[in-house]
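Enquirer: Below is the file run-v2.cif, which contains mmCIF, C-alpha atoms.
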```
data_entry
#
loop_
_atom_site.label_atom_id
_atom_site.label_comp_id
_atom_site.auth_asym_id
_atom_site.auth_seq_id
_atom_site.Cartn_x
_atom_site.Cartn_y
_atom_site.Cartn_z
CA MET A 720 0.00 0.00 0.00
CA ARG A 721 2.86 2.36 0.83
CA ARG A 722 4.37 1.74 -2.62
CA ALA A 723 1.02 2.37 -4.29
CA LEU A 724 0.44 5.74 -2.59
CA PRO A 725 3.07 7.72 -4.59
CA LEU A 726 1.69 6.21 -7.79
CA LEU A 727 -1.85 7.26 -6.86
CA LEU A 728 -0.67 10.79 -6.10
CA LEU A 729 1.17 10.90 -9.42
CA VAL A 730 -1.92 9.76 -11.31
CA ALA A 731 -4.08 12.32 -9.47
CA GLY A 732 -1.61 15.09 -10.25
CA PHE A 733 -1.46 14.01 -13.91
CA ALA A 734 -5.26 14.03 -14.13
CA SER A 735 -5.37 17.47 -12.53
CA SER A 736 -2.83 18.82 -15.02
CA ILE A 737 -4.88 17.42 -17.91
CA ALA A 738 -7.99 19.12 -16.50
CA ARG A 739 -6.12 22.42 -16.30
CA ALA A 740 -4.77 21.96 -19.81
CA ASP A 741 -8.30 21.42 -21.13
CA ALA A 742 -9.72 24.39 -19.23
CA PRO A 743 -10.85 27.39 -21.28
CA ILE A 744 -8.46 30.34 -21.28
CA ALA A 745 -9.71 33.79 -20.35
CA PRO A 746 -8.90 36.40 -23.02
CA ASP A 747 -5.84 38.58 -22.45
CA HIS A 748 -7.91 41.76 -22.74
CA PRO A 749 -11.43 41.02 -21.44
CA LEU A 750 -12.78 44.52 -22.01
CA ASP A 751 -11.71 44.45 -25.65
CA ASP A 752 -13.26 41.04 -26.32
CA PRO A 753 -16.41 40.55 -24.22
CA ALA A 754 -17.65 37.80 -26.57
CA ALA A 755 -14.50 35.74 -25.93
CA LEU A 756 -14.87 36.25 -22.18
CA LYS A 757 -18.48 35.09 -22.28
CA ALA A 758 -17.48 32.06 -24.38
CA ALA A 759 -14.80 31.14 -21.83
CA PHE A 760 -17.34 31.32 -18.98
CA ALA A 761 -19.83 29.28 -21.00
CA ALA A 762 -17.23 26.56 -21.67
CA ARG A 763 -16.15 26.48 -18.03
CA ILE A 764 -19.69 26.37 -16.63
CA GLY A 765 -20.81 23.76 -19.16
CA LYS A 766 -24.52 23.71 -18.28
CA PRO A 767 -27.59 25.97 -18.47
CA VAL A 768 -27.49 28.56 -15.69
CA HIS A 769 -28.85 31.93 -14.67
CA VAL A 770 -26.51 34.73 -13.56
CA LEU A 771 -27.19 36.45 -10.25
CA ARG A 772 -24.07 38.62 -10.25
CA PHE A 773 -21.24 39.36 -12.69
CA GLY A 774 -18.22 41.51 -11.85
CA TYR A 775 -16.36 42.87 -14.88
CA GLY A 776 -13.01 44.65 -15.19
CA GLU A 777 -9.81 44.35 -17.21
CA HIS A 778 -7.90 42.55 -14.46
CA TYR A 779 -10.58 40.19 -13.17
CA ALA A 780 -14.10 38.92 -13.77
CA ASP A 781 -16.33 36.68 -11.70
CA ALA A 782 -19.86 35.28 -11.85
CA LEU A 783 -22.32 33.87 -9.35
CA VAL A 784 -24.65 31.45 -11.15
CA GLN A 785 -27.62 29.24 -10.34
CA ASN A 786 -27.96 25.80 -11.91
CA ASP A 787 -31.15 25.68 -14.00
CA ALA A 788 -31.52 21.93 -13.41
CA ALA A 789 -30.92 22.20 -9.65
CA PRO A 790 -32.07 25.63 -8.38
CA ASP A 791 -30.59 25.06 -4.92
CA GLU A 792 -27.07 24.81 -6.42
CA PHE A 793 -25.02 28.00 -6.72
CA ASP A 794 -21.44 28.30 -7.96
CA ARG A 795 -18.95 31.11 -8.32
CA TYR A 796 -16.62 31.20 -11.32
CA GLU A 797 -13.72 33.57 -11.90
CA ALA A 798 -11.51 34.57 -14.81
CA VAL A 799 -8.03 36.10 -14.78
CA PRO A 800 -6.78 37.44 -18.14
CA GLY A 801 -4.69 34.90 -20.07
CA GLN A 802 -5.12 32.18 -17.42
CA PRO A 803 -7.01 28.85 -17.51
CA MET A 804 -10.36 29.11 -15.76
CA THR A 805 -10.69 26.94 -12.68
CA GLU A 806 -13.76 24.94 -11.76
CA GLY A 807 -16.62 26.69 -10.03
CA GLU A 808 -16.62 27.12 -6.26
CA PRO A 809 -19.90 25.92 -4.69
CA GLN A 810 -21.73 28.59 -2.68
CA LYS A 811 -24.04 27.96 0.24
CA SER A 812 -27.66 28.50 -0.70
CA GLY A 813 -28.26 30.36 2.56
CA SER A 814 -25.61 32.94 1.66
CA VAL A 815 -27.47 34.01 -1.49
CA ASP A 816 -29.87 36.66 -0.21
CA CYS A 817 -31.35 37.84 -3.50
CA LYS A 818 -32.42 35.54 -6.34
CA LYS A 819 -32.95 38.15 -9.08
CA LYS A 820 -31.11 36.92 -12.16
CA VAL A 821 -30.71 36.83 -15.92
CA ALA A 822 -30.32 33.83 -18.20
CA PHE A 823 -26.69 33.31 -19.16
CA ALA A 824 -27.68 33.44 -22.83
CA ASP A 825 -28.97 36.99 -22.26
CA LEU A 826 -25.84 38.18 -20.44
CA ASP A 827 -24.59 41.24 -22.37
CA LEU A 828 -20.92 41.73 -21.55
CA ALA A 829 -20.49 44.21 -24.39
CA ALA A 830 -22.93 46.43 -22.53
CA GLY A 831 -20.88 45.92 -19.37
CA ALA A 832 -17.72 47.07 -21.15
CA ARG A 833 -19.52 50.19 -22.42
CA VAL A 834 -20.87 50.91 -18.95
CA LEU A 835 -17.41 50.67 -17.39
CA ALA A 836 -16.02 53.06 -19.99
CA GLN A 837 -18.81 55.56 -19.26
CA VAL A 838 -18.40 55.25 -15.50
CA ARG A 839 -14.66 55.84 -15.78
CA ALA A 840 -15.21 58.87 -18.02
CA ILE A 841 -17.59 60.35 -15.43
CA ALA A 842 -15.08 59.65 -12.65
CA ALA A 843 -12.28 61.43 -14.53
CA ALA A 844 -14.47 64.41 -15.45
CA ASN A 845 -15.71 65.00 -11.90
CA GLY A 846 -12.70 64.22 -9.72
CA TYR A 847 -13.52 60.73 -8.46
CA LYS A 848 -11.11 57.81 -8.27
CA LYS A 849 -10.95 55.47 -11.27
CA PRO A 850 -13.10 52.40 -10.52
CA GLU A 851 -11.67 48.94 -11.04
CA ASN A 852 -14.86 47.35 -12.34
CA VAL A 853 -18.63 47.40 -12.66
CA GLU A 854 -21.05 44.76 -11.46
CA LEU A 855 -24.25 43.32 -12.82
CA GLY A 856 -26.73 42.35 -10.12
CA ALA A 857 -29.62 43.43 -7.93
CA ASP A 858 -29.55 46.44 -5.64
CA ILE A 859 -29.35 46.09 -1.87
CA PHE A 860 -33.16 45.84 -1.62
CA CYS A 861 -33.30 43.12 -4.29
CA LYS A 862 -35.41 45.28 -6.59
CA GLU A 863 -33.65 46.80 -9.58
CA PHE A 864 -31.34 44.50 -11.56
CA GLY A 865 -28.65 46.02 -13.76
CA TRP A 866 -25.07 47.23 -14.10
CA ARG A 867 -23.73 49.28 -11.22
CA GLY A 868 -20.59 51.37 -10.77
CA ILE A 869 -19.48 52.92 -7.47
CA LEU A 870 -17.26 56.01 -7.45
CA LEU A 871 -15.25 57.08 -4.40
CA SER A 872 -13.20 60.18 -3.64
CA ASP A 873 -9.68 60.75 -2.33
CA SER A 874 -10.67 64.12 -0.90
CA ASN A 875 -13.73 62.92 1.01
CA SER A 876 -13.85 59.36 2.34
CA ASP A 877 -17.62 59.66 2.92
CA ALA A 878 -18.41 60.64 -0.66
CA MET A 879 -19.96 57.90 -2.79
CA LEU A 880 -21.57 58.19 -6.21
CA GLU A 881 -23.60 55.28 -7.55
CA LEU A 882 -24.24 54.95 -11.28
CA THR A 883 -26.78 52.38 -12.47
CA TYR A 884 -27.69 51.11 -15.93
CA ALA A 885 -30.14 48.59 -17.34
CA PRO A 886 -28.67 45.16 -18.26
CA ASP A 887 -28.32 46.35 -21.87
CA GLY A 888 -26.41 49.48 -20.79
CA SER A 889 -29.29 51.89 -21.29
CA SER A 890 -31.22 54.15 -18.87
CA PRO A 891 -28.34 55.57 -16.83
CA LYS A 892 -29.16 57.01 -13.40
CA ALA A 893 -27.00 58.50 -10.66
CA ARG A 894 -27.31 59.20 -6.97
CA GLU A 895 -24.86 60.24 -4.27
CA MET A 896 -24.75 59.77 -0.54
CA ARG A 897 -25.51 63.03 1.24
CA GLY A 898 -25.38 62.71 5.01
CA ASP A 899 -27.38 59.60 5.81
CA ASP A 900 -29.50 59.44 2.68
CA TRP A 901 -29.29 59.20 -1.11
CA ALA A 902 -29.89 62.18 -3.42
CA LYS A 903 -30.33 62.07 -7.19
CA VAL A 904 -27.59 63.57 -9.37
CA ASP A 905 -28.21 64.98 -12.84
CA MET A 906 -26.50 62.81 -15.47
CA LYS A 907 -26.05 65.89 -17.69
CA LYS A 908 -24.00 67.59 -14.97
CA LEU A 909 -21.89 64.48 -14.56
CA ALA A 910 -21.29 64.28 -18.31
CA ALA A 911 -20.25 67.95 -18.28
CA GLY A 912 -17.89 67.43 -15.35
CA THR A 913 -19.72 69.90 -13.11
CA ALA A 914 -20.70 67.53 -10.26
CA PRO A 915 -17.58 67.01 -8.12
CA PRO A 916 -17.66 65.10 -4.81
CA PRO A 917 -19.03 67.12 -1.88
CA ALA A 918 -16.41 68.73 0.34
CA ALA A 919 -15.41 66.79 3.44
CA THR A 920 -16.69 68.02 6.79
CA SER A 921 -15.24 67.32 10.21
CA LYS A 922 -17.23 65.15 12.59
CA ALA A 923 -16.87 63.28 15.86
CA THR A 924 -15.97 60.03 14.09
CA ASP A 925 -12.79 61.72 12.77
CA ALA A 926 -11.34 61.58 16.29
CA PRO A 927 -8.48 59.09 16.65
CA ALA A 928 -9.20 55.70 18.16
CA THR A 929 -8.46 55.01 21.80
CA ALA A 930 -5.29 52.94 22.08
CA GLY A 931 -5.46 49.24 22.80
CA ASP A 932 -4.89 47.79 26.25
CA GLY A 933 -1.85 45.66 25.44
CA ARG A 934 -3.51 42.28 25.09
CA THR A 935 -5.03 40.25 22.27
CA HIS A 936 -8.80 39.98 22.52
CA ASP A 937 -11.02 37.05 21.62
CA PHE A 938 -14.52 38.42 22.07
CA LEU A 939 -16.09 34.97 21.93
CA GLN A 940 -14.41 34.42 25.32
CA GLY A 941 -16.18 37.36 26.95
CA ILE A 942 -16.96 41.06 26.50
CA GLU A 943 -17.64 42.39 30.02
CA ALA A 944 -14.27 44.11 30.38
CA ASP A 945 -14.51 45.64 26.92
CA LEU A 946 -17.99 47.00 27.55
CA ALA A 947 -16.63 48.63 30.72
CA ARG A 948 -13.92 50.33 28.63
CA VAL A 949 -16.49 51.56 26.11
CA GLN A 950 -18.62 52.88 28.99
CA ALA A 951 -15.64 54.78 30.35
CA GLN A 952 -15.18 56.42 26.94
CA VAL A 953 -18.89 57.29 26.63
CA GLY A 954 -18.90 58.67 30.16
CA ALA A 955 -22.29 57.25 31.14
CA PRO A 956 -23.99 53.86 31.64
CA LEU A 957 -24.44 52.19 28.27
CA ALA A 958 -27.99 52.21 26.85
CA PHE A 959 -27.69 49.45 24.25
CA LYS A 960 -29.53 49.16 20.97
CA HIS A 961 -27.49 46.30 19.47
CA ILE A 962 -24.36 44.36 20.40
CA SER A 963 -22.61 42.21 17.80
CA LEU A 964 -19.35 40.32 17.99
CA ASP A 965 -17.15 37.69 16.47
CA LYS A 966 -13.70 36.47 17.43
CA THR A 967 -11.85 39.65 16.38
CA GLN A 968 -14.33 42.54 16.63
CA LEU A 969 -16.95 43.88 19.02
CA SER A 970 -19.54 46.37 17.76
CA VAL A 971 -21.63 48.29 20.31
CA GLU A 972 -24.58 50.47 19.27
CA VAL A 973 -25.72 52.74 22.09
CA PHE A 974 -28.19 55.57 22.46
CA GLN A 975 -26.28 58.76 23.16
CA PRO A 976 -26.62 60.02 26.75
CA SER A 977 -27.34 63.58 25.63
CA ASN A 978 -29.79 62.72 22.87
CA LYS A 979 -31.85 59.52 22.90
CA LYS A 980 -32.74 60.08 19.25
CA ARG A 981 -29.12 59.57 18.23
CA VAL A 982 -27.27 56.24 18.10
CA ALA A 983 -23.49 55.91 18.25
CA THR A 984 -21.57 52.82 17.12
CA TYR A 985 -18.29 51.97 18.81
CA LEU A 986 -15.93 49.31 17.43
CA VAL A 987 -13.37 47.45 19.53
CA ASP A 988 -10.70 45.51 17.62
CA ASP A 989 -8.68 42.51 18.74
CA LYS A 990 -5.93 44.79 20.08
CA GLY A 991 -8.41 46.56 22.33
CA SER A 992 -8.49 49.79 20.33
CA ILE A 993 -11.86 51.63 20.59
CA LYS A 994 -13.16 53.74 17.72
CA LEU A 995 -16.32 55.83 17.43
CA TRP A 996 -17.32 54.47 14.03
CA ASN A 997 -20.65 56.09 13.29
CA GLU A 998 -23.32 58.44 14.61
CA ASP A 999 -26.84 58.41 13.21
CA ASP A 1000 -30.43 59.35 13.98
CA THR A 1001 -32.76 56.65 15.20
CA ILE A 1002 -35.09 55.15 12.59
CA PRO A 1003 -38.81 55.89 13.08
CA PHE A 1004 -40.91 52.80 13.85
CA ASP A 1005 -37.73 50.83 14.62
CA CYS A 1006 -37.28 49.47 18.13
CA ASN A 1007 -35.65 52.38 19.94
CA LYS A 1008 -36.06 51.08 23.47
CA PRO A 1009 -32.62 50.68 25.14
CA PHE A 1010 -31.52 47.77 27.26
CA ALA A 1011 -28.82 47.62 29.92
CA ALA A 1012 -25.98 45.24 30.74
CA ALA A 1013 -28.08 43.86 33.60
CA ASP A 1014 -30.72 42.73 31.08
CA ILE A 1015 -28.45 40.24 29.33
CA PRO A 1016 -26.45 37.17 30.51
CA LEU A 1017 -22.95 38.60 30.12
CA ALA A 1018 -21.36 36.34 32.76
CA THR A 1019 -22.51 33.12 31.07
CA LEU A 1020 -22.23 34.37 27.48
CA PRO A 1021 -18.84 32.65 26.79
CA ALA A 1022 -20.23 29.25 27.83
CA MET A 1023 -23.38 29.81 25.78
CA ILE A 1024 -21.27 30.62 22.73
CA ALA A 1025 -18.93 27.65 23.21
CA GLY A 1026 -21.81 25.20 23.58
CA ALA A 1027 -23.96 26.52 20.75
CA PRO A 1028 -22.78 24.22 17.90
CA ALA A 1029 -23.52 21.06 19.91
CA LEU A 1030 -27.14 22.18 20.33
CA ILE A 1031 -27.69 21.58 16.60
CA PRO A 1032 -26.69 17.90 16.15
CA PRO A 1033 -26.24 18.09 12.34
CA MET A 1034 -23.84 21.02 12.90
CA ALA A 1035 -22.03 19.79 16.01
CA GLN A 1036 -18.68 20.16 14.22
CA GLY A 1037 -19.48 23.68 13.08
CA TRP A 1038 -18.13 26.94 14.44
CA VAL A 1039 -19.55 30.21 15.71
CA LYS A 1040 -19.63 32.83 12.97
CA ASN A 1041 -21.01 35.76 14.98
CA VAL A 1042 -23.24 36.72 17.89
CA HIS A 1043 -25.94 39.40 18.06
CA ILE A 1044 -27.80 40.76 21.07
CA TYR A 1045 -30.88 42.93 20.56
CA ARG A 1046 -34.54 43.16 21.50
CA SER A 1047 -36.49 40.31 19.95
CA GLY A 1048 -39.70 40.43 17.98
CA LEU A 1049 -41.73 43.61 18.25
CA CYS A 1050 -39.37 45.35 20.68
CA GLY A 1051 -39.54 42.54 23.24
CA SER A 1052 -36.90 41.61 25.78
CA PRO A 1053 -33.26 41.39 24.61
CA HIS A 1054 -32.23 37.98 23.25
CA VAL A 1055 -28.89 36.44 22.26
CA PHE A 1056 -28.63 35.08 18.72
CA ILE A 1057 -25.62 32.86 17.91
CA GLU A 1058 -25.01 32.09 14.24
CA ILE A 1059 -23.37 28.74 13.51
CA GLU A 1060 -21.63 27.82 10.26
CA ASP A 1061 -20.21 24.64 8.77
CA GLU A 1062 -19.23 23.53 5.29
CA ARG A 1063 -22.86 22.93 4.31
CA GLY A 1064 -24.71 25.94 5.63
CA PHE A 1065 -25.82 27.96 8.65
CA GLY A 1066 -27.68 27.46 11.88
CA ASN A 1067 -29.00 29.69 14.65
CA VAL A 1068 -29.17 29.30 18.42
CA GLU A 1069 -31.34 31.72 20.38
CA TYR A 1070 -31.35 32.44 24.15
CA ASP A 1071 -33.47 34.85 26.14
CA GLY A 1072 -32.06 37.52 28.45
CA ARG A 1073 -31.78 35.08 31.35
CA GLY A 1074 -29.78 32.56 29.35
CA LYS A 1075 -32.70 30.18 28.74
CA LEU A 1076 -32.53 28.31 25.43
CA ILE A 1077 -35.32 29.35 23.04
CA SER A 1078 -34.43 27.52 19.84
CA ALA A 1079 -31.58 25.77 18.02
CA GLN A 1080 -32.07 24.92 14.38
CA VAL A 1081 -30.57 24.75 10.93
CA GLN A 1082 -31.43 27.80 8.88
#
```
Starting from the file, give its structure as structure tokens.

Expert:
Amino acid sequence: MRRALPLLLLVAGFASSIARADAPIAPDHPLDDPAALKAAFAARIGKPVHVLRFGYGEHYADALVQNDAAPDEFDRYEAVPGQPMTEGEPQKSGSVDCKKKVAFADLDLAAGARVLAQVRAIAAANGYKKPENVELGADIFCKEFGWRGILLSDSNSDAMLELTYAPDGSSPKAREMRGDDWAKVDMKKLAAGTAPPPAATSKATDAPATAGDGRTHDFLQGIEADLARVQAQVGAPLAFKHISLDKTQLSVEVFQPSNKKRVATYLVDDKGSIKLWNEDDTIPFDCNKPFAAADIPLATLPAMIAGAPALIPPMAQGWVKNVHIYRSGLCGSPHVFIEIEDERGFGNVEYDGRGKLISAQVQ
């Protein structure tokens, strides 16, 4: 058996090299030859699919597709100019939030190339940074489906201009982030180069982060000490809206002591550094009732997190992806939600504010 093992490895390596040799080659200049790029994706995918997302630039392209014959199967394919295309990478069905799509046969990469050229021309004319690519897909609310380009600014890190086009490259629209909301921008002004990014303004979040405390933090092992440090920076007892954490970051949303209609988000990294990340108004009709540290099981939280995977037998070998603490349902008592992940999908374990198990199930 020991003698046979090297031979088996050699055969496997030979088969792998043949597979790579037979793989379609992405064109050297994808933007100049969108038909060749589409043909390479078609040859690599090798079956009828719909496209949920397609990223397109001269240095890289990738596609998220859904198998027509098996709608629960999703794969991601990528292309690097001049390189053989590798096999698709399976994606978890639960990670695909929006199912808006277009048949691969109707995918118009020539339109995507035109859109990228237009977006870059607008960026150059108005003082934005040159974008690397554009993306075909649905918007964040899973409504409009089309090509989308995002422009950012060197002079104002908060400035963001979004340009959207129909899948065939028509019907351009633009909007920019102004404060905490979107505002439409006239495409004629952008074409004329008279719509530069808004000037940067100073704000509380520009303040430097508080230095770390000299130790490496694993927030899955406990957050009581870190919440105390955040409270010391706020200067008042913490009135929580939402706490979220994973192994390397703790995010704390609190109602501001001086104005209960404002919410501040503090981030603590794994070095213990604390940063005021964002300040925003509360959202009407959202749950804006604060909860306190005494309302949640902070002392037992590490044990609850550690034991969560075993509470879902099919996912007992999984790991904790993140943890969220917020008021449940229609502004009820605060609950702890622990998200579990394994190679097949996701699960969720829920506890109430006293540490009592509410549910544990595969999502």

Enquirer: Can you work out which one of A:Ile962, A:Ala1011, A:Ala1027, A:Ser992 has the shortest atom-to-atom distance to A:His1043, counting all atoms listed in the file?

Expert: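 Checking each of A:Ile962, A:Ala1011, A:Ala1027, A:Ser992 against A:His1043, counting all atoms listed in the file, the winner is A:Ile962.
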
Enquirer: Let me know the residues the PyMOL selection byres ((chain A and resi 797-809) around 7) catches in the file above, as a list in words.

Expert: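 Here the PyMOL selection byres ((chain A and resi 797-809) around 7) matches Arg739, Ala742, Pro743, Ile744, Ala745, Pro746, Asp747, His748, Pro749, Arg763, His778, Tyr779, Ala780, Asp781, Ala782, Phe793, Asp794, Arg795, Tyr796, Gln810 and Lys811 of chain A.
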
Enquirer: For C-alpha atoms, I'd like the residues from the last selection saved as a PDB file, in the coordinates of the input.

Expert:
```
ATOM      1  CA  ARG A 739      -6.120  22.420 -16.300  1.00  0.00           C
ATOM      2  CA  ALA A 742      -9.720  24.390 -19.230  1.00  0.00           C
ATOM      3  CA  PRO A 743     -10.850  27.390 -21.280  1.00  0.00           C
ATOM      4  CA  ILE A 744      -8.460  30.340 -21.280  1.00  0.00           C
ATOM      5  CA  ALA A 745      -9.710  33.790 -20.350  1.00  0.00           C
ATOM      6  CA  PRO A 746      -8.900  36.400 -23.020  1.00  0.00           C
ATOM      7  CA  ASP A 747      -5.840  38.580 -22.450  1.00  0.00           C
ATOM      8  CA  HIS A 748      -7.910  41.760 -22.740  1.00  0.00           C
ATOM      9  CA  PRO A 749     -11.430  41.020 -21.440  1.00  0.00           C
ATOM     10  CA  ARG A 763     -16.150  26.480 -18.030  1.00  0.00           C
ATOM     11  CA  HIS A 778      -7.900  42.550 -14.460  1.00  0.00           C
ATOM     12  CA  TYR A 779     -10.580  40.190 -13.170  1.00  0.00           C
ATOM     13  CA  ALA A 780     -14.100  38.920 -13.770  1.00  0.00           C
ATOM     14  CA  ASP A 781     -16.330  36.680 -11.700  1.00  0.00           C
ATOM     15  CA  ALA A 782     -19.860  35.280 -11.850  1.00  0.00           C
ATOM     16  CA  PHE A 793     -25.020  28.000  -6.720  1.00  0.00           C
ATOM     17  CA  ASP A 794     -21.440  28.300  -7.960  1.00  0.00           C
ATOM     18  CA  ARG A 795     -18.950  31.110  -8.320  1.00  0.00           C
ATOM     19  CA  TYR A 796     -16.620  31.200 -11.320  1.00  0.00           C
ATOM     20  CA  GLN A 810     -21.730  28.590  -2.680  1.00  0.00           C
ATOM     21  CA  LYS A 811     -24.040  27.960   0.240  1.00  0.00           C
TER      22      LYS A 811
END
```

Enquirer: Suppose a student applies the PyMOL selection byres ((chain A and resi 1020) around 10) to this structure; what residues should they get, written as a PyMOL selection string?

Expert: chain A and resi 939-943+1015-1019+1021-1026+1042+1055+1070+1074

Enquirer: Can you tell me which residues surround A:Tyr985 at a distance of at most 6 Å, considering all atoms listed in the file, apart from same-chain residues fewer than 3 positions away, and format the answer as number ranges by chain?

Expert: A: 970-971, 994-996

Enquirer: Check which residues satisfy the PyMOL selection byres ((chain A and resi 915) around 8) in the file shown, then give them as a VMD selection string.

Expert: chain A and resid 845 to 847 912 to 914 916 to 917

Enquirer: Name all residues at most 12 Å from A:Asp787 (count only C-alpha atoms; drop same-chain ones fewer than 5 positions away) and give them as a ChimeraX atom specification.

Expert: /A:764-770,792-794,820-823

Enquirer: Write out as JSON, numbers by chain the residues lying within 12 Å of A:Ser890, counting only C-alpha atoms and excluding same-chain residues fewer than 2 positions away.

Expert: {"A": [830, 834, 865, 866, 867, 882, 883, 884, 885, 886, 887, 888, 892, 893, 906]}

Enquirer: Any idea what the distance is between atom CA of A:Ala758 and atom CA of A:Glu863?

Expert: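 Computing it gives 26.4 Å between the two atoms.
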
Enquirer: I need the residue nearest A:Val815 from this list: A:Ala754, A:Cys861, A:Ala983, A:Ala829. Use only C-alpha atoms for the distance.

Expert: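 Answer, going by the shortest atom-to-atom distance: A:Cys861.
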
Enquirer: Mind pulling up the distance from atom CA of A:Arg894 to atom CA of A:Gly831?

Expert: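 For atom CA of A:Gly831 relative to atom CA of A:Arg894, the distance reads 19.3 Å.
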
Enquirer: Find the residue from A:Ala755, A:Leu880, A:Ala789, A:Val1068 that sits nearest to A:Asp900; use all atoms listed in the file when measuring.

Expert: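 Nearest candidate to A:Asp900 out of A:Ala755, A:Leu880, A:Ala789, A:Val1068: A:Leu880.
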
Enquirer: Could you add N, CA, C and O atoms to stretch 1013-1025 of chain A and give me the result as a PDB file, in the frame of the given file?

Expert:
```
ATOM      1  N   ALA A1013     -27.419  44.751  32.651  1.00  0.00           N
ATOM      2  CA  ALA A1013     -28.080  43.860  33.600  1.00  0.00           C
ATOM      3  C   ALA A1013     -29.209  43.049  32.962  1.00  0.00           C
ATOM      4  O   ALA A1013     -29.676  42.068  33.546  1.00  0.00           O
ATOM      5  N   ASP A1014     -29.619  43.429  31.752  1.00  0.00           N
ATOM      6  CA  ASP A1014     -30.720  42.730  31.080  1.00  0.00           C
ATOM      7  C   ASP A1014     -30.266  41.536  30.254  1.00  0.00           C
ATOM      8  O   ASP A1014     -31.104  40.831  29.674  1.00  0.00           O
ATOM      9  N   ILE A1015     -28.966  41.307  30.174  1.00  0.00           N
ATOM     10  CA  ILE A1015     -28.450  40.240  29.330  1.00  0.00           C
ATOM     11  C   ILE A1015     -27.454  39.372  30.105  1.00  0.00           C
ATOM     12  O   ILE A1015     -26.817  39.847  31.051  1.00  0.00           O
ATOM     13  N   PRO A1016     -27.288  38.097  29.725  1.00  0.00           N
ATOM     14  CA  PRO A1016     -26.450  37.170  30.510  1.00  0.00           C
ATOM     15  C   PRO A1016     -24.965  37.263  30.152  1.00  0.00           C
ATOM     16  O   PRO A1016     -24.371  36.332  29.611  1.00  0.00           O
ATOM     17  N   LEU A1017     -24.353  38.390  30.493  1.00  0.00           N
ATOM     18  CA  LEU A1017     -22.950  38.600  30.120  1.00  0.00           C
ATOM     19  C   LEU A1017     -22.020  37.590  30.781  1.00  0.00           C
ATOM     20  O   LEU A1017     -21.052  37.126  30.166  1.00  0.00           O
ATOM     21  N   ALA A1018     -22.268  37.235  32.033  1.00  0.00           N
ATOM     22  CA  ALA A1018     -21.360  36.340  32.760  1.00  0.00           C
ATOM     23  C   ALA A1018     -21.313  34.947  32.130  1.00  0.00           C
ATOM     24  O   ALA A1018     -20.268  34.298  32.100  1.00  0.00           O
ATOM     25  N   THR A1019     -22.446  34.480  31.630  1.00  0.00           N
ATOM     26  CA  THR A1019     -22.510  33.120  31.070  1.00  0.00           C
ATOM     27  C   THR A1019     -22.409  33.118  29.541  1.00  0.00           C
ATOM     28  O   THR A1019     -22.469  32.054  28.923  1.00  0.00           O
ATOM     29  N   LEU A1020     -22.266  34.292  28.940  1.00  0.00           N
ATOM     30  CA  LEU A1020     -22.230  34.370  27.480  1.00  0.00           C
ATOM     31  C   LEU A1020     -21.118  33.509  26.859  1.00  0.00           C
ATOM     32  O   LEU A1020     -21.368  32.809  25.868  1.00  0.00           O
ATOM     33  N   PRO A1021     -19.883  33.493  27.403  1.00  0.00           N
ATOM     34  CA  PRO A1021     -18.840  32.650  26.790  1.00  0.00           C
ATOM     35  C   PRO A1021     -19.217  31.173  26.742  1.00  0.00           C
ATOM     36  O   PRO A1021     -18.980  30.502  25.730  1.00  0.00           O
ATOM     37  N   ALA A1022     -19.831  30.660  27.815  1.00  0.00           N
ATOM     38  CA  ALA A1022     -20.230  29.250  27.830  1.00  0.00           C
ATOM     39  C   ALA A1022     -21.376  28.997  26.847  1.00  0.00           C
ATOM     40  O   ALA A1022     -21.427  27.951  26.190  1.00  0.00           O
ATOM     41  N   MET A1023     -22.291  29.947  26.731  1.00  0.00           N
ATOM     42  CA  MET A1023     -23.380  29.810  25.780  1.00  0.00           C
ATOM     43  C   MET A1023     -22.847  29.751  24.352  1.00  0.00           C
ATOM     44  O   MET A1023     -23.303  28.955  23.526  1.00  0.00           O
ATOM     45  N   ILE A1024     -21.865  30.591  24.064  1.00  0.00           N
ATOM     46  CA  ILE A1024     -21.270  30.620  22.730  1.00  0.00           C
ATOM     47  C   ILE A1024     -20.535  29.309  22.446  1.00  0.00           C
ATOM     48  O   ILE A1024     -20.700  28.694  21.388  1.00  0.00           O
ATOM     49  N   ALA A1025     -19.727  28.877  23.405  1.00  0.00           N
ATOM     50  CA  ALA A1025     -18.930  27.650  23.210  1.00  0.00           C
ATOM     51  C   ALA A1025     -19.809  26.430  22.999  1.00  0.00           C
ATOM     52  O   ALA A1025     -19.469  25.528  22.225  1.00  0.00           O
TER      53      ALA A1025
END
```
